[in-house]
Amino acid sequence: MSITESPSNYSDLEKMEIADLLANINREDMTVPVAVKNAIPQIEKLVPRIVEKMKEGGRLFYVGAGTSGRLGIVDASECSPTYGVPHGLVIGIMAGGDQAIRKAVEFAEDDPELGWKDLQEYDITDRDVVIGIAASGRTPYVIGAVERARSAGLVTGCITCNLDTKLAEVSEFPVEVIVGPEFVTGSTRMKAGTAQKLVLNMISTSVMIKLGRVKGNKMVDMQLTNTKLIERGTRMIMEELNVTKEYAAKLLNQYGSVRKAVDAVRKDNG
């Protein structure tokens, strides 16, 4: 039996008071960051290869099913507005397609050929990177995609929550985050899902920083898609150039991004 499928450390959940349910779930959740910390050496090997390939013009693909697939799509979809990179630079693919984001598609994850077929729709090349995400480490859709991608010369990695899985075996850079049994037996949307989200945050954030998409500690290339972000961008310019709010807002409106506004003013000032 895999670790993610092993029995919960708690029993008779339906008899617990709400306060006890919440406290025990929280107690389990607190173990997740420790498990992620233990996997940092593995993550550290993967990130530089992603940066290298993206500098060559490659893209990053996340491939998953169910919760794992949805987490990959969330991370991919947030890279463009957060860092101002092209929408197709980080791409999330999941078994069952877009309709599976909201509603499970029966048996979509059981086809070992479908993941690779879905990847081929993006005209992938050996400059791209494929990361398979599967808590169990045995999802055929994900394993097939990663295995075929590696055979085709792509850099491959994975995020799983079990040891010595088939997915890790076929991946060049496996990341194994061992969070132990779930509070509700087998419900990997809980600790395993949290762990996967944390690792995805670490991977994409580190990659974007190393690609120059962060200056100091600020998202200077973020897309100005709402009032909150416009106000944030205005504050960044105020702080960086020591100018008034009105002038900062004018600059942001004129140049369309914090980076461009700051660079233009500094260039004009010699």
# chains A, B, ... in the order shown; residues from 1 in each chain; ligands from 1

$ residues_around --residues "region 91-97 of chain A" --least-positions-apart "5" --cutoff "9 Å" --atoms "only C-alpha atoms" --output "PDB file with C-alpha atoms, in the first residue's frame"
ATOM      1  CA  ARG A  59       8.442  26.381 -22.037  1.00  0.00           C
ATOM      2  CA  LEU A  60       7.385  24.691 -18.816  1.00  0.00           C
ATOM      3  CA  PHE A  61       4.553  22.148 -18.892  1.00  0.00           C
ATOM      4  CA  TYR A  62       2.751  20.748 -15.866  1.00  0.00           C
ATOM      5  CA  VAL A  63       0.912  17.471 -16.493  1.00  0.00           C
ATOM      6  CA  GLY A  64      -1.511  16.030 -13.959  1.00  0.00           C
ATOM      7  CA  ALA A  65      -4.925  14.557 -13.219  1.00  0.00           C
ATOM      8  CA  GLY A  66      -7.570  15.450 -10.656  1.00  0.00           C
ATOM      9  CA  SER A  68      -2.763  17.473  -9.061  1.00  0.00           C
ATOM     10  CA  GLY A  69      -3.756  18.617 -12.534  1.00  0.00           C
ATOM     11  CA  ARG A  70      -5.823  21.490 -11.184  1.00  0.00           C
ATOM     12  CA  LEU A  71      -2.938  22.687  -9.023  1.00  0.00           C
ATOM     13  CA  GLY A  72      -0.658  22.706 -12.057  1.00  0.00           C
ATOM     14  CA  ILE A  73      -3.175  24.738 -14.030  1.00  0.00           C
ATOM     15  CA  VAL A  74      -3.535  27.252 -11.190  1.00  0.00           C
ATOM     16  CA  ASP A  75       0.228  27.765 -10.947  1.00  0.00           C
ATOM     17  CA  ALA A  76       0.616  28.063 -14.710  1.00  0.00           C
ATOM     18  CA  SER A  77      -2.255  30.524 -15.069  1.00  0.00           C
ATOM     19  CA  ALA A 104     -14.087  14.895 -12.981  1.00  0.00           C
ATOM     20  CA  VAL A 105     -13.904  13.079 -16.317  1.00  0.00           C
ATOM     21  CA  GLU A 106     -14.233   9.350 -15.733  1.00  0.00           C
ATOM     22  CA  PHE A 107     -11.175   7.205 -16.481  1.00  0.00           C
ATOM     23  CA  ALA A 108      -9.353  10.050 -18.289  1.00  0.00           C
ATOM     24  CA  GLU A 109      -6.274   9.509 -16.119  1.00  0.00           C
ATOM     25  CA  ASP A 110      -6.054   5.799 -16.947  1.00  0.00           C
ATOM     26  CA  ASP A 111      -4.804   6.167 -20.536  1.00  0.00           C
ATOM     27  CA  LEU A 114      -3.246  10.406 -23.760  1.00  0.00           C
ATOM     28  CA  GLY A 115      -0.848  12.632 -21.814  1.00  0.00           C
ATOM     29  CA  ASP A 118      -2.098  16.180 -25.310  1.00  0.00           C
ATOM     30  CA  LEU A 119       1.463  17.507 -25.093  1.00  0.00           C
ATOM     31  CA  TYR A 141      -1.755   9.620 -17.894  1.00  0.00           C
ATOM     32  CA  VAL A 142       1.094  11.388 -16.100  1.00  0.00           C
TER      33      VAL A 142
END

$ residues_around --residues "Leu163 (chain A)" --least-positions-apart "5" --cutoff "9 Å" --atoms "only C-alpha atoms" --output "ChimeraX atom specification"
/A:2-3,137,168,176-178

$ residues_around --residues "Val36 (chain A)" --least-positions-apart "4" --cutoff "8 Å" --atoms "only C-alpha atoms" --output "mmCIF file with C-alpha atoms, in the first residue's frame"
data_model
loop_
_atom_site.group_PDB
_atom_site.id
_atom_site.type_symbol
_atom_site.label_atom_id
_atom_site.label_comp_id
_atom_site.auth_asym_id
_atom_site.auth_seq_id
_atom_site.Cartn_x
_atom_site.Cartn_y
_atom_site.Cartn_z
ATOM 1 C CA VAL A 32 3.638 19.506 5.405
ATOM 2 C CA ILE A 40 14.541 20.974 -1.212
ATOM 3 C CA VAL A 177 7.410 15.030 -0.694
ATOM 4 C CA ILE A 178 6.407 12.420 1.874
ATOM 5 C CA ALA A 195 2.579 19.956 -0.457
ATOM 6 C CA LEU A 198 4.020 24.636 -1.993
ATOM 7 C CA VAL A 199 6.498 22.935 -4.327
#

$ select_by_dssp --residues "region 14-180 of chain A" --states "alpha helix (DSSP H)" --output "PyMOL selection string"
chain A and resi 18-29+32-38+40-55+66-83+114-120+140-151+166-170

$ closest_residue --among "A:Leu21, A:Leu224, A:Val243, A:Ile143" --to "Gly256 (chain A)" --atoms "only C-alpha atoms"
A:Leu224

$ residues_around --residues "region 144-148 of chain A" --least-positions-apart "4" --cutoff "7 Å" --atoms "only C-alpha atoms" --output "list in words"
Pro112, Glu113, Gly115, Trp116, Val130, Gly132, Pro140, Ala152, Thr156, Val170 and Ser171 of chain A

$ atom_distance --atom1 "CA of Val258 (chain A)" --atom2 "CA of Gly57 (chain A)"
24.3 Å

$ select_by_dssp --residues "region 91-206 of chain A" --states "strand (DSSP E or B)" --output "PyMOL selection string"
chain A and resi 91-94+129-133+155-160+173-176

$ residues_around --residues "region 211-222 of chain A" --least-positions-apart "6" --cutoff "9 Å" --atoms "only C-alpha atoms" --output "list in words"
Val51, Met54, Lys55, Ser80, Pro81, Thr82, Tyr83, Gly84, Val85, Leu229, Gly233, Met236, Ser257, Val258, Arg259 and Lys260 of chain A

$ write_last_selection --atoms "N, CA and C atoms" --output "compact mmCIF listing (two decimals), in the first residue's frame"
# COMPACT_ATOMS: atom_id res chain seq x y z
N VAL A 51 15.33 26.92 -15.77
CA VAL A 51 15.82 28.25 -16.12
C VAL A 51 16.66 28.18 -17.40
N MET A 54 14.39 27.62 -20.43
CA MET A 54 13.58 28.80 -20.75
C MET A 54 14.43 29.89 -21.38
N LYS A 55 15.67 30.01 -20.95
CA LYS A 55 16.56 30.99 -21.57
C LYS A 55 16.87 30.62 -23.02
N SER A 80 1.69 34.42 -15.82
CA SER A 80 1.61 35.54 -16.76
C SER A 80 1.20 36.85 -16.09
N PRO A 81 0.09 36.89 -15.33
CA PRO A 81 -0.27 38.17 -14.69
C PRO A 81 0.70 38.60 -13.60
N THR A 82 1.31 37.65 -12.91
CA THR A 82 2.22 37.99 -11.82
C THR A 82 3.56 38.51 -12.33
N TYR A 83 4.09 37.88 -13.37
CA TYR A 83 5.44 38.20 -13.82
C TYR A 83 5.51 38.81 -15.22
N GLY A 84 4.37 38.97 -15.87
CA GLY A 84 4.35 39.61 -17.17
C GLY A 84 4.95 38.79 -18.29
N VAL A 85 5.05 37.47 -18.09
CA VAL A 85 5.59 36.60 -19.14
C VAL A 85 4.47 36.24 -20.12
N LEU A 229 -3.91 46.22 -8.45
CA LEU A 229 -2.58 46.10 -9.03
C LEU A 229 -2.06 47.44 -9.54
N GLY A 233 1.33 49.05 -8.26
CA GLY A 233 2.36 49.53 -9.18
C GLY A 233 2.72 50.98 -8.93
N MET A 236 4.97 51.18 -5.97
CA MET A 236 6.32 50.73 -6.30
C MET A 236 7.12 51.86 -6.94
N SER A 257 3.97 49.64 -17.29
CA SER A 257 4.55 48.69 -16.34
C SER A 257 5.51 49.42 -15.42
N VAL A 258 5.70 48.88 -14.24
CA VAL A 258 6.60 49.49 -13.27
C VAL A 258 8.02 49.53 -13.82
N ARG A 259 8.48 48.44 -14.37
CA ARG A 259 9.85 48.37 -14.88
C ARG A 259 10.10 49.42 -15.96
N LYS A 260 9.19 49.49 -16.93
CA LYS A 260 9.38 50.43 -18.03
C LYS A 260 9.35 51.87 -17.55

$ atom_distance --atom1 "CA of Glu239 (chain A)" --atom2 "CA of Ser204 (chain A)"
26.3 Å

$ atom_distance --atom1 "CA of Thr4 (chain A)" --atom2 "CA of Thr160 (chain A)"
9.8 Å

$ closest_residue --among "A:Glu246, A:Asp164, A:Glu28, A:Asp12" --to "Val179 (chain A)" --atoms "only C-alpha atoms"
A:Glu28
